[in-house]
$ cat run29.pdb   # PDB, C-alpha atoms
ATOM      1  CA  MET A 164      19.826-111.012  46.623
ATOM      2  CA  THR A 165      21.672-109.637  49.644
ATOM      3  CA  GLN A 166      20.489-106.231  50.772
ATOM      4  CA  ALA A 167      22.640-103.280  51.786
ATOM      5  CA  SER A 168      23.637-103.612  55.451
ATOM      6  CA  ALA A 169      24.101-101.016  58.171
ATOM      7  CA  THR A 170      27.862-101.037  57.657
ATOM      8  CA  GLU A 171      27.663-100.790  53.873
ATOM      9  CA  LEU A 172      29.879 -98.204  52.218
ATOM     10  CA  VAL A 173      27.744 -95.497  50.609
ATOM     11  CA  ILE A 174      30.583 -93.084  49.839
ATOM     12  CA  SER A 175      34.281 -93.331  50.682
ATOM     13  CA  PRO A 176      36.344 -90.498  52.215
ATOM     14  CA  GLU A 177      38.060 -89.853  48.843
ATOM     15  CA  GLN A 178      34.667 -89.738  47.100
ATOM     16  CA  PHE A 179      33.300 -87.311  49.689
ATOM     17  CA  LEU A 180      36.299 -85.018  49.191
ATOM     18  CA  GLU A 181      35.656 -85.095  45.427
ATOM     19  CA  HIS A 182      31.968 -84.322  46.106
ATOM     20  CA  TRP A 183      32.887 -81.351  48.307
ATOM     21  CA  GLN A 184      35.615 -79.944  46.033
ATOM     22  CA  GLY A 185      33.358 -80.400  42.983
ATOM     23  CA  HIS A 186      30.776 -78.188  44.646
ATOM     24  CA  ARG A 187      33.466 -75.717  45.732
ATOM     25  CA  ALA A 188      34.748 -75.479  42.144
ATOM     26  CA  LEU A 189      31.221 -74.614  40.975
ATOM     27  CA  THR A 190      30.840 -72.011  43.736
ATOM     28  CA  ARG A 191      34.121 -70.439  42.591
ATOM     29  CA  ARG A 192      32.686 -70.070  39.076
ATOM     30  CA  VAL A 193      29.518 -68.479  40.516
ATOM     31  CA  ILE A 194      31.612 -65.959  42.503
ATOM     32  CA  ASP A 195      33.527 -65.181  39.311
ATOM     33  CA  ALA A 196      30.308 -64.782  37.275
ATOM     34  CA  PHE A 197      29.297 -61.728  39.334
ATOM     35  CA  PRO A 198      30.437 -58.280  38.224
ATOM     36  CA  ASP A 199      32.989 -57.000  40.781
ATOM     37  CA  ASP A 200      30.584 -54.470  42.276
ATOM     38  CA  LYS A 201      27.378 -56.546  42.231
ATOM     39  CA  LEU A 202      29.140 -59.319  44.143
ATOM     40  CA  PHE A 203      29.269 -56.948  47.109
ATOM     41  CA  THR A 204      26.042 -54.994  46.569
ATOM     42  CA  HIS A 205      23.281 -56.965  44.839
ATOM     43  CA  SER A 206      20.575 -58.783  46.776
ATOM     44  CA  ILE A 207      16.836 -59.500  46.741
ATOM     45  CA  GLY A 208      14.232 -59.257  49.509
ATOM     46  CA  GLY A 209      16.618 -57.926  52.145
ATOM     47  CA  MET A 210      18.908 -60.960  51.918
ATOM     48  CA  ARG A 211      22.704 -60.910  52.183
ATOM     49  CA  THR A 212      24.933 -60.315  49.153
ATOM     50  CA  PHE A 213      26.640 -63.233  47.407
ATOM     51  CA  SER A 214      30.052 -62.118  48.698
ATOM     52  CA  SER A 215      28.632 -62.387  52.220
ATOM     53  CA  PHE A 216      27.546 -65.974  51.526
ATOM     54  CA  ALA A 217      30.968 -66.799  50.052
ATOM     55  CA  MET A 218      32.743 -65.338  53.079
ATOM     56  CA  GLU A 219      30.536 -67.509  55.296
ATOM     57  CA  PHE A 220      31.513 -70.607  53.262
ATOM     58  CA  LEU A 221      35.191 -69.724  53.766
ATOM     59  CA  GLY A 222      34.611 -69.204  57.476
ATOM     60  CA  MET A 223      33.095 -72.683  57.769
ATOM     61  CA  ALA A 224      35.229 -74.861  55.475
ATOM     62  CA  VAL A 225      38.770 -75.029  56.865
ATOM     63  CA  PRO A 226      37.793 -74.311  60.520
ATOM     64  CA  THR A 227      35.279 -77.207  60.381
ATOM     65  CA  LEU A 228      37.833 -79.542  58.842
ATOM     66  CA  HIS A 229      40.357 -78.492  61.495
ATOM     67  CA  GLY A 230      37.850 -79.564  64.161
ATOM     68  CA  VAL A 231      37.130 -82.813  62.333
ATOM     69  CA  VAL A 232      40.834 -83.669  62.158
ATOM     70  CA  THR A 233      41.924 -82.527  65.628
ATOM     71  CA  GLY A 234      38.784 -82.486  67.784
ATOM     72  CA  GLU A 235      39.698 -78.895  68.721
ATOM     73  CA  TRP A 236      37.236 -76.204  67.662
ATOM     74  CA  LYS A 237      38.664 -72.810  66.798
ATOM     75  CA  SER A 238      36.421 -69.794  66.633
ATOM     76  CA  PHE A 239      33.999 -69.741  63.755
ATOM     77  CA  GLU A 240      34.662 -66.554  61.811
ATOM     78  CA  SER A 241      33.647 -65.386  58.342
ATOM     79  CA  SER A 242      36.278 -64.226  55.890
ATOM     80  CA  LYS A 243      36.674 -60.476  55.380
ATOM     81  CA  ALA A 244      37.432 -60.037  51.683
ATOM     82  CA  THR A 245      36.708 -56.671  50.076
ATOM     83  CA  THR A 246      37.370 -57.470  46.399
ATOM     84  CA  LYS A 247      36.511 -60.341  44.081
ATOM     85  CA  ALA A 248      40.208 -61.019  43.479
ATOM     86  CA  ASP A 249      40.845 -61.279  47.223
ATOM     87  CA  LEU A 250      37.850 -63.590  47.663
ATOM     88  CA  LEU A 251      39.027 -65.890  44.852
ATOM     89  CA  LYS A 252      42.563 -65.928  46.294
ATOM     90  CA  GLN A 253      41.205 -66.965  49.700
ATOM     91  CA  TRP A 254      39.023 -69.560  47.954
ATOM     92  CA  ASP A 255      42.014 -71.143  46.215
ATOM     93  CA  ASP A 256      44.038 -71.140  49.437
ATOM     94  CA  ALA A 257      41.182 -72.965  51.204
ATOM     95  CA  THR A 258      40.945 -75.478  48.335
ATOM     96  CA  ALA A 259      44.608 -76.392  48.770
ATOM     97  CA  GLU A 260      44.321 -76.509  52.564
ATOM     98  CA  ILE A 261      41.290 -78.832  52.414
ATOM     99  CA  ASN A 262      43.151 -81.191  50.065
ATOM    100  CA  ARG A 263      46.155 -81.124  52.404
ATOM    101  CA  MET A 264      44.165 -81.790  55.603
ATOM    102  CA  TRP A 265      41.615 -84.309  54.288
ATOM    103  CA  PRO A 266      43.883 -87.401  54.311
ATOM    104  CA  THR A 267      44.710 -86.730  57.996
ATOM    105  CA  ILE A 268      41.130 -87.373  59.197
ATOM    106  CA  PRO A 269      41.463 -90.150  61.815
ATOM    107  CA  ALA A 270      39.954 -93.599  61.206
ATOM    108  CA  GLY A 271      36.382 -93.927  62.491
ATOM    109  CA  ARG A 272      35.975 -90.155  62.795
ATOM    110  CA  PHE A 273      33.032 -89.837  60.351
ATOM    111  CA  GLN A 274      30.821 -91.891  62.652
ATOM    112  CA  GLU A 275      31.786 -90.044  65.831
ATOM    113  CA  VAL A 276      29.546 -87.438  67.458
ATOM    114  CA  ASP A 277      31.151 -84.125  68.426
ATOM    115  CA  THR A 278      29.984 -80.656  69.425
ATOM    116  CA  ALA A 279      31.228 -78.491  66.579
ATOM    117  CA  PHE A 280      32.446 -75.058  67.665
ATOM    118  CA  GLY A 281      31.021 -75.855  71.128
ATOM    119  CA  GLN A 282      27.506 -75.357  69.748
ATOM    120  CA  TRP A 283      26.327 -77.980  67.274
ATOM    121  CA  LYS A 284      26.231 -81.569  68.530
ATOM    122  CA  MET A 285      26.042 -83.983  65.625
ATOM    123  CA  SER A 286      27.884 -86.790  63.894
ATOM    124  CA  ILE A 287      30.881 -85.777  61.808
ATOM    125  CA  HIS A 288      29.340 -87.094  58.558
ATOM    126  CA  ALA A 289      26.254 -84.937  59.188
ATOM    127  CA  LEU A 290      28.433 -81.919  59.994
ATOM    128  CA  LEU A 291      30.423 -82.275  56.762
ATOM    129  CA  HIS A 292      27.232 -82.754  54.750
ATOM    130  CA  TYR A 293      25.861 -79.620  56.443
ATOM    131  CA  VAL A 294      28.857 -77.570  55.317
ATOM    132  CA  VAL A 295      28.380 -78.723  51.702
ATOM    133  CA  ASP A 296      24.582 -78.385  51.788
ATOM    134  CA  ASN A 297      24.739 -74.862  53.230
ATOM    135  CA  GLU A 298      26.969 -73.889  50.299
ATOM    136  CA  ILE A 299      24.594 -75.476  47.745
ATOM    137  CA  HIS A 300      21.637 -73.706  49.394
ATOM    138  CA  HIS A 301      23.102 -70.188  49.324
ATOM    139  CA  ARG A 302      24.799 -70.726  45.952
ATOM    140  CA  GLY A 303      21.345 -71.524  44.527
ATOM    141  CA  GLN A 304      20.284 -68.127  45.825
ATOM    142  CA  GLY A 305      23.246 -66.612  43.990
ATOM    143  CA  TYR A 306      21.834 -68.135  40.787
ATOM    144  CA  VAL A 307      18.679 -66.052  41.305
ATOM    145  CA  TYR A 308      20.774 -62.928  41.901
ATOM    146  CA  LEU A 309      22.640 -63.590  38.625
ATOM    147  CA  ARG A 310      19.415 -64.226  36.650
ATOM    148  CA  ASP A 311      17.960 -61.067  38.180
ATOM    149  CA  LEU A 312      21.037 -59.227  36.839
ATOM    150  CA  GLY A 313      20.514 -60.772  33.394
ATOM    151  CA  ILE A 314      23.586 -63.006  33.737
ATOM    152  CA  GLU A 315      23.574 -66.703  32.741
ATOM    153  CA  PRO A 316      24.931 -68.750  35.696
ATOM    154  CA  PRO A 317      27.288 -71.748  35.275
ATOM    155  CA  HIS A 318      25.572 -75.118  34.724
ATOM    156  CA  PHE A 319      24.624 -76.695  38.057
ATOM    157  CA  TRP A 320      25.602 -80.156  36.870
ATOM    158  CA  GLU A 321      29.188 -79.207  35.958
ATOM    159  CA  ARG A 322      31.644 -79.700  38.836
TER     160      ARG A 322
ATOM    161  CA  MET B 152      46.809 -92.529  64.965
ATOM    162  CA  THR B 153      45.330 -94.595  62.137
ATOM    163  CA  GLN B 154      43.967 -92.539  59.267
ATOM    164  CA  ALA B 155      40.659 -93.045  57.473
ATOM    165  CA  SER B 156      41.082 -95.681  54.762
ATOM    166  CA  ALA B 157      39.552 -95.961  51.291
ATOM    167  CA  THR B 158      36.912 -98.397  52.568
ATOM    168  CA  GLU B 159      36.024 -96.297  55.616
ATOM    169  CA  LEU B 160      32.331 -95.770  56.263
ATOM    170  CA  VAL B 161      31.471 -92.066  55.850
ATOM    171  CA  ILE B 162      27.697 -92.474  55.982
ATOM    172  CA  SER B 163      25.581 -95.633  56.237
ATOM    173  CA  PRO B 164      22.541 -96.367  54.033
ATOM    174  CA  GLU B 165      20.185 -95.632  56.953
ATOM    175  CA  GLN B 166      21.967 -92.336  57.604
ATOM    176  CA  PHE B 167      21.753 -91.356  53.949
ATOM    177  CA  LEU B 168      18.006 -92.064  53.937
ATOM    178  CA  GLU B 169      17.648 -89.833  57.011
ATOM    179  CA  HIS B 170      19.714 -87.149  55.223
ATOM    180  CA  TRP B 171      17.473 -87.320  52.143
ATOM    181  CA  GLN B 172      14.160 -87.444  54.001
ATOM    182  CA  GLY B 173      15.300 -84.618  56.300
ATOM    183  CA  HIS B 174      15.839 -82.439  53.236
ATOM    184  CA  ARG B 175      12.534 -83.591  51.726
ATOM    185  CA  ALA B 176      10.697 -82.654  54.939
ATOM    186  CA  LEU B 177      12.180 -79.155  54.712
ATOM    187  CA  THR B 178      11.210 -78.866  51.042
ATOM    188  CA  ARG B 179       7.644 -79.830  51.993
ATOM    189  CA  ARG B 180       7.562 -76.922  54.469
ATOM    190  CA  VAL B 181       8.866 -74.566  51.774
ATOM    191  CA  ILE B 182       6.122 -75.693  49.343
ATOM    192  CA  ASP B 183       3.576 -75.121  52.096
ATOM    193  CA  ALA B 184       4.975 -71.654  52.904
ATOM    194  CA  PHE B 185       3.964 -70.358  49.455
ATOM    195  CA  PRO B 186       0.505 -68.835  48.991
ATOM    196  CA  ASP B 187      -1.524 -71.230  46.781
ATOM    197  CA  ASP B 188      -1.376 -68.950  43.752
ATOM    198  CA  LYS B 189       2.229 -67.707  44.079
ATOM    199  CA  LEU B 190       3.440 -71.322  44.195
ATOM    200  CA  PHE B 191       2.347 -71.611  40.565
ATOM    201  CA  THR B 192       2.993 -68.060  39.354
ATOM    202  CA  HIS B 193       5.854 -66.297  41.161
ATOM    203  CA  SER B 194       9.391 -66.245  39.780
ATOM    204  CA  ILE B 195      12.402 -63.947  39.308
ATOM    205  CA  GLY B 196      14.587 -63.288  36.251
ATOM    206  CA  GLY B 197      12.633 -65.582  33.931
ATOM    207  CA  MET B 198      13.205 -68.674  36.093
ATOM    208  CA  ARG B 199      10.683 -71.448  36.697
ATOM    209  CA  THR B 200       8.097 -71.256  39.482
ATOM    210  CA  PHE B 201       8.626 -73.142  42.744
ATOM    211  CA  SER B 202       5.849 -75.603  41.883
ATOM    212  CA  SER B 203       7.782 -76.434  38.713
ATOM    213  CA  PHE B 204      10.895 -77.179  40.790
ATOM    214  CA  ALA B 205       8.858 -79.319  43.216
ATOM    215  CA  MET B 206       7.316 -81.278  40.334
ATOM    216  CA  GLU B 207      10.834 -81.904  39.007
ATOM    217  CA  PHE B 208      11.914 -83.213  42.451
ATOM    218  CA  LEU B 209       8.943 -85.603  42.426
ATOM    219  CA  GLY B 210       9.795 -86.719  38.907
ATOM    220  CA  MET B 211      13.336 -87.568  39.998
ATOM    221  CA  ALA B 212      12.943 -89.108  43.463
ATOM    222  CA  VAL B 213      11.004 -92.374  43.166
ATOM    223  CA  PRO B 214      11.975 -93.071  39.502
ATOM    224  CA  THR B 215      15.674 -92.711  40.444
ATOM    225  CA  LEU B 216      15.281 -94.984  43.458
ATOM    226  CA  HIS B 217      13.436 -97.500  41.271
ATOM    227  CA  GLY B 218      16.468 -97.582  38.959
ATOM    228  CA  VAL B 219      18.852 -97.855  41.916
ATOM    229  CA  VAL B 220      16.944-100.836  43.320
ATOM    230  CA  THR B 221      16.184-102.691  40.067
ATOM    231  CA  GLY B 222      18.744-101.480  37.509
ATOM    232  CA  GLU B 223      15.787-100.728  35.201
ATOM    233  CA  TRP B 224      15.311 -97.098  34.238
ATOM    234  CA  LYS B 225      11.741 -95.943  33.654
ATOM    235  CA  SER B 226      11.086 -92.701  31.832
ATOM    236  CA  PHE B 227      12.013 -89.572  33.712
ATOM    237  CA  GLU B 228       8.870 -87.465  33.949
ATOM    238  CA  SER B 229       7.926 -84.480  36.104
ATOM    239  CA  SER B 230       4.794 -84.580  38.221
ATOM    240  CA  LYS B 231       1.754 -82.682  36.922
ATOM    241  CA  ALA B 232       0.112 -81.199  40.015
ATOM    242  CA  THR B 233      -2.169 -78.182  39.596
ATOM    243  CA  THR B 234      -2.862 -77.282  43.233
ATOM    244  CA  LYS B 235      -0.771 -77.047  46.400
ATOM    245  CA  ALA B 236      -2.917 -79.726  48.048
ATOM    246  CA  ASP B 237      -2.295 -82.117  45.153
ATOM    247  CA  LEU B 238       1.438 -81.391  45.234
ATOM    248  CA  LEU B 239       1.648 -82.047  48.976
ATOM    249  CA  LYS B 240      -0.368 -85.270  48.581
ATOM    250  CA  GLN B 241       2.045 -86.485  45.883
ATOM    251  CA  TRP B 242       4.946 -85.439  48.118
ATOM    252  CA  ASP B 243       3.676 -87.533  51.034
ATOM    253  CA  ASP B 244       3.051 -90.520  48.763
ATOM    254  CA  ALA B 245       6.645 -90.283  47.505
ATOM    255  CA  THR B 246       7.942 -90.028  51.092
ATOM    256  CA  ALA B 247       6.242 -93.311  51.992
ATOM    257  CA  GLU B 248       7.376 -95.000  48.772
ATOM    258  CA  ILE B 249      11.018 -93.965  49.339
ATOM    259  CA  ASN B 250      10.907 -95.367  52.885
ATOM    260  CA  ARG B 251       9.398 -98.599  51.560
ATOM    261  CA  MET B 252      11.896 -99.067  48.714
ATOM    262  CA  TRP B 253      15.091 -97.918  50.468
ATOM    263  CA  PRO B 254      15.781-101.142  52.449
ATOM    264  CA  THR B 255      15.589-103.145  49.192
ATOM    265  CA  ILE B 256      18.703-101.527  47.678
ATOM    266  CA  PRO B 257      21.046-104.442  46.877
ATOM    267  CA  ALA B 258      24.349-104.857  48.712
ATOM    268  CA  GLY B 259      27.269-103.132  46.994
ATOM    269  CA  ARG B 260      24.935-101.034  44.832
ATOM    270  CA  PHE B 261      26.129 -97.613  46.074
ATOM    271  CA  GLN B 262      29.574 -98.213  44.613
ATOM    272  CA  GLU B 263      28.329 -99.480  41.239
ATOM    273  CA  VAL B 264      28.353 -97.326  38.110
ATOM    274  CA  ASP B 265      25.143 -97.236  36.050
ATOM    275  CA  THR B 266      23.702 -95.088  33.259
ATOM    276  CA  ALA B 267      20.696 -93.486  34.907
ATOM    277  CA  PHE B 268      17.692 -93.106  32.600
ATOM    278  CA  GLY B 269      19.967 -94.167  29.736
ATOM    279  CA  GLN B 270      21.671 -90.780  29.876
ATOM    280  CA  TRP B 271      23.763 -90.099  32.967
ATOM    281  CA  LYS B 272      26.657 -92.483  33.612
ATOM    282  CA  MET B 273      27.833 -92.184  37.207
ATOM    283  CA  SER B 274      28.206 -94.101  40.434
ATOM    284  CA  ILE B 275      25.014 -94.698  42.399
ATOM    285  CA  HIS B 276      26.237 -92.720  45.428
ATOM    286  CA  ALA B 277      26.929 -89.730  43.158
ATOM    287  CA  LEU B 278      23.501 -90.102  41.515
ATOM    288  CA  LEU B 279      21.704 -90.138  44.871
ATOM    289  CA  HIS B 280      23.711 -87.150  46.078
ATOM    290  CA  TYR B 281      22.796 -85.373  42.837
ATOM    291  CA  VAL B 282      19.081 -85.894  43.482
ATOM    292  CA  VAL B 283      19.403 -84.413  46.981
ATOM    293  CA  ASP B 284      21.727 -81.590  45.888
ATOM    294  CA  ASN B 285      19.447 -80.583  43.008
ATOM    295  CA  GLU B 286      16.610 -80.259  45.522
ATOM    296  CA  ILE B 287      18.753 -78.168  47.909
ATOM    297  CA  HIS B 288      19.845 -75.942  44.997
ATOM    298  CA  HIS B 289      16.364 -75.136  43.693
ATOM    299  CA  ARG B 290      14.846 -75.000  47.179
ATOM    300  CA  GLY B 291      17.400 -72.280  48.002
ATOM    301  CA  GLN B 292      16.003 -70.394  45.012
ATOM    302  CA  GLY B 293      12.525 -70.826  46.525
ATOM    303  CA  TYR B 294      13.828 -69.063  49.645
ATOM    304  CA  VAL B 295      14.579 -65.998  47.488
ATOM    305  CA  TYR B 296      11.091 -66.162  45.953
ATOM    306  CA  LEU B 297       9.582 -66.253  49.464
ATOM    307  CA  ARG B 298      11.741 -63.346  50.713
ATOM    308  CA  ASP B 299      10.824 -61.422  47.572
ATOM    309  CA  LEU B 300       7.157 -62.011  48.508
ATOM    310  CA  GLY B 301       7.821 -60.773  52.054
ATOM    311  CA  ILE B 302       7.422 -64.271  53.521
ATOM    312  CA  GLU B 303       9.832 -65.691  56.158
ATOM    313  CA  PRO B 304      11.047 -69.130  54.941
ATOM    314  CA  PRO B 305      11.482 -72.140  57.273
ATOM    315  CA  HIS B 306      14.892 -72.392  58.989
ATOM    316  CA  PHE B 307      17.405 -74.139  56.705
ATOM    317  CA  TRP B 308      18.962 -76.048  59.605
ATOM    318  CA  GLU B 309      15.676 -77.664  60.731
ATOM    319  CA  ARG B 310      15.051 -81.043  59.082
TER     320      ARG B 310
END
$ encode --input "run29.pdb" --output "structure tokens"
Amino acid sequence: MTQASATELVISPEQFLEHWQGHRALTRRVIDAFPDDKLFTHSIGGMRTFSSFAMEFLGMAVPTLHGVVTGEWKSFESSKATTKADLLKQWDDATAEINRMWPTIPAGRFQEVDTAFGQWKMSIHALLHYVVDNEIHHRGQGYVYLRDLGIEPPHFWER
Amino acid sequence: MTQASATELVISPEQFLEHWQGHRALTRRVIDAFPDDKLFTHSIGGMRTFSSFAMEFLGMAVPTLHGVVTGEWKSFESSKATTKADLLKQWDDATAEINRMWPTIPAGRFQEVDTAFGQWKMSIHALLHYVVDNEIHHRGQGYVYLRDLGIEPPHFWER
């Protein structure tokens, strides 16, 4: 039996977008599961609030994709939402923008190495995985915040 | 400029293995960061302990890869470690086994759809991402447990 080669397709660009947006849809439900005030106030062990995590995700998502598409790195800046409604609005705007920009990623780009935001030198596939993984990591922490508040979080496996 | 096509390589099999093992190396450091007793006793909001999460990761990793390589699905069963040393030993054994089995994944397998463990019908790339993402998710929860215990966790970005 032939074995998987070095140029074998693990996941296609369309499948990676679905992977990313599936996670982003779950994160949106986690944001929405927090009471309006606790989203901006609750934390454990001196950590940041879940709204702070979500604003970081927003600050990374579209600016990273802009750099992936154009090779130009804008400043990395967290969102500054002050209400849950504002945060969810910004989330939905980013969802649409990611879907709009994704098909414009140049051929061969995923395997290129770039220095994201002038600071992080890595391949584009690793950078995009990092953006998703960072969201999974902090969202998992949000699950603990919700449990600590006595709130049942959304199922992890639903995207 | 040509745009990324549907058959474009996002990440190669070797790169995905590095992605997975990088996350597993971080999880090993998180296991090791827990005091021996707290690993098996500490939790928040009625959640499972971190040792329970780690035993779940062990129960998923090699059995999933076995199914990916052979198409045969053994029973899904969590590890049953009772000490940190035992857990770390099982972790290192799994690390070596994953490295040994990975190159035997058949060509074209990542894009096939299978019913993992007779229960979860999905493409192999999505299944493998799920195994990694589930580990990131619960490991992030372990970070909260550590912070709650006053312990500084390993850096998320170090793999």
$ residues_near_point --input "run29.pdb" --point "(29.1, -65.2, 59.7)" --cutoff "7 Å" --atoms "only C-alpha atoms" --output "compact mmCIF listing (two decimals) with C-alpha atoms, keeping the file's coordinate frame"
# COMPACT_ATOMS: atom_id res chain seq x y z
CA GLU A 219 30.54 -67.51 55.30
CA GLU A 240 34.66 -66.55 61.81
CA SER A 241 33.65 -65.39 58.34
$ resolve_selection --input "run29.pdb" --expression "the ChimeraX specification (/A :<9) & /B" --output "PyMOL selection string"
chain B and resi 152-167+170+195-198+254-262+275-277+280-281+284-285+287-301+307-308
$ resolve_selection --input "run29.pdb" --expression "the PyMOL selection byres ((chain B and resi 192) around 12)" --output "PyMOL selection string"
chain B and resi 185-191+193-195+197-203+233-234+296+300
$ resolve_selection --input "run29.pdb" --expression "the PyMOL selection byres ((chain A and resi 250-258) around 9)" --output "PDB file with C-alpha atoms, keeping the file's coordinate frame"
ATOM      1  CA  GLN A 184      35.615 -79.944  46.033  1.00  0.00           C
ATOM      2  CA  ARG A 187      33.466 -75.717  45.732  1.00  0.00           C
ATOM      3  CA  ALA A 188      34.748 -75.479  42.144  1.00  0.00           C
ATOM      4  CA  ARG A 191      34.121 -70.439  42.591  1.00  0.00           C
ATOM      5  CA  ILE A 194      31.612 -65.959  42.503  1.00  0.00           C
ATOM      6  CA  ASP A 195      33.527 -65.181  39.311  1.00  0.00           C
ATOM      7  CA  SER A 214      30.052 -62.118  48.698  1.00  0.00           C
ATOM      8  CA  ALA A 217      30.968 -66.799  50.052  1.00  0.00           C
ATOM      9  CA  MET A 218      32.743 -65.338  53.079  1.00  0.00           C
ATOM     10  CA  LEU A 221      35.191 -69.724  53.766  1.00  0.00           C
ATOM     11  CA  ALA A 224      35.229 -74.861  55.475  1.00  0.00           C
ATOM     12  CA  VAL A 225      38.770 -75.029  56.865  1.00  0.00           C
ATOM     13  CA  SER A 242      36.278 -64.226  55.890  1.00  0.00           C
ATOM     14  CA  LYS A 243      36.674 -60.476  55.380  1.00  0.00           C
ATOM     15  CA  ALA A 244      37.432 -60.037  51.683  1.00  0.00           C
ATOM     16  CA  THR A 245      36.708 -56.671  50.076  1.00  0.00           C
ATOM     17  CA  THR A 246      37.370 -57.470  46.399  1.00  0.00           C
ATOM     18  CA  LYS A 247      36.511 -60.341  44.081  1.00  0.00           C
ATOM     19  CA  ALA A 248      40.208 -61.019  43.479  1.00  0.00           C
ATOM     20  CA  ASP A 249      40.845 -61.279  47.223  1.00  0.00           C
ATOM     21  CA  ALA A 259      44.608 -76.392  48.770  1.00  0.00           C
ATOM     22  CA  GLU A 260      44.321 -76.509  52.564  1.00  0.00           C
ATOM     23  CA  ILE A 261      41.290 -78.832  52.414  1.00  0.00           C
ATOM     24  CA  ASN A 262      43.151 -81.191  50.065  1.00  0.00           C
ATOM     25  CA  ARG A 263      46.155 -81.124  52.404  1.00  0.00           C
TER      26      ARG A 263
END
$ atom_distance --input "run29.pdb" --atom1 "atom CA of Ala279 of chain A" --atom2 "atom CA of Thr227 of chain A"
7.5 Å
$ atom_distance --input "run29.pdb" --atom1 "atom CA of Ala196 of chain A" --atom2 "atom CA of Glu321 of chain A"
14.5 Å
$ atom_distance --input "run29.pdb" --atom1 "atom CA of Leu189 of chain A" --atom2 "atom CA of Val294 of chain A"
14.8 Å
$ closest_residue --input "run29.pdb" --among "A:His229, A:Lys284, A:Arg192, A:Lys237" --to "Pro316 of chain A" --atoms "all atoms listed in the file"
A:Arg192
$ build_atoms --input "run29.pdb" --residues "segment 202-213 of chain A" --atoms "N, CA, C and O atoms" --output "tab-separated table (two decimals), in the coordinates of the input"
chain	number	residue	atom	x	y	z
A	202	LEU	N	28.79	-58.26	43.19
A	202	LEU	CA	29.14	-59.32	44.14
A	202	LEU	C	29.01	-58.82	45.58
A	202	LEU	O	28.63	-59.57	46.48
A	203	PHE	N	29.28	-57.54	45.76
A	203	PHE	CA	29.27	-56.95	47.11
A	203	PHE	C	28.04	-56.09	47.38
A	203	PHE	O	27.89	-55.57	48.49
A	204	THR	N	27.17	-55.92	46.36
A	204	THR	CA	26.04	-54.99	46.57
A	204	THR	C	24.67	-55.59	46.25
A	204	THR	O	23.68	-55.19	46.86
A	205	HIS	N	24.61	-56.54	45.29
A	205	HIS	CA	23.28	-56.96	44.84
A	205	HIS	C	22.64	-57.97	45.79
A	205	HIS	O	23.29	-58.91	46.26
A	206	SER	N	21.34	-57.78	46.04
A	206	SER	CA	20.58	-58.78	46.78
A	206	SER	C	19.10	-58.60	46.48
A	206	SER	O	18.71	-57.64	45.82
A	207	ILE	N	18.29	-59.52	46.96
A	207	ILE	CA	16.84	-59.50	46.74
A	207	ILE	C	16.15	-59.72	48.09
A	207	ILE	O	16.61	-60.55	48.89
A	208	GLY	N	15.06	-58.99	48.33
A	208	GLY	CA	14.23	-59.26	49.51
A	208	GLY	C	14.93	-59.07	50.84
A	208	GLY	O	14.57	-59.73	51.83
A	209	GLY	N	15.94	-58.19	50.88
A	209	GLY	CA	16.62	-57.93	52.14
A	209	GLY	C	17.63	-58.98	52.53
A	209	GLY	O	18.15	-58.98	53.66
A	210	MET	N	17.95	-59.90	51.62
A	210	MET	CA	18.91	-60.96	51.92
A	210	MET	C	20.34	-60.43	51.84
A	210	MET	O	20.59	-59.32	51.41
A	211	ARG	N	21.30	-61.28	52.27
A	211	ARG	CA	22.70	-60.91	52.18
A	211	ARG	C	23.21	-60.97	50.74
A	211	ARG	O	22.61	-61.61	49.89
A	212	THR	N	24.32	-60.30	50.49
A	212	THR	CA	24.93	-60.32	49.15
A	212	THR	C	25.62	-61.67	48.93
A	212	THR	O	25.87	-62.40	49.88
A	213	PHE	N	25.98	-61.95	47.66
A	213	PHE	CA	26.64	-63.23	47.41
A	213	PHE	C	28.05	-63.27	48.00
A	213	PHE	O	28.51	-64.33	48.43
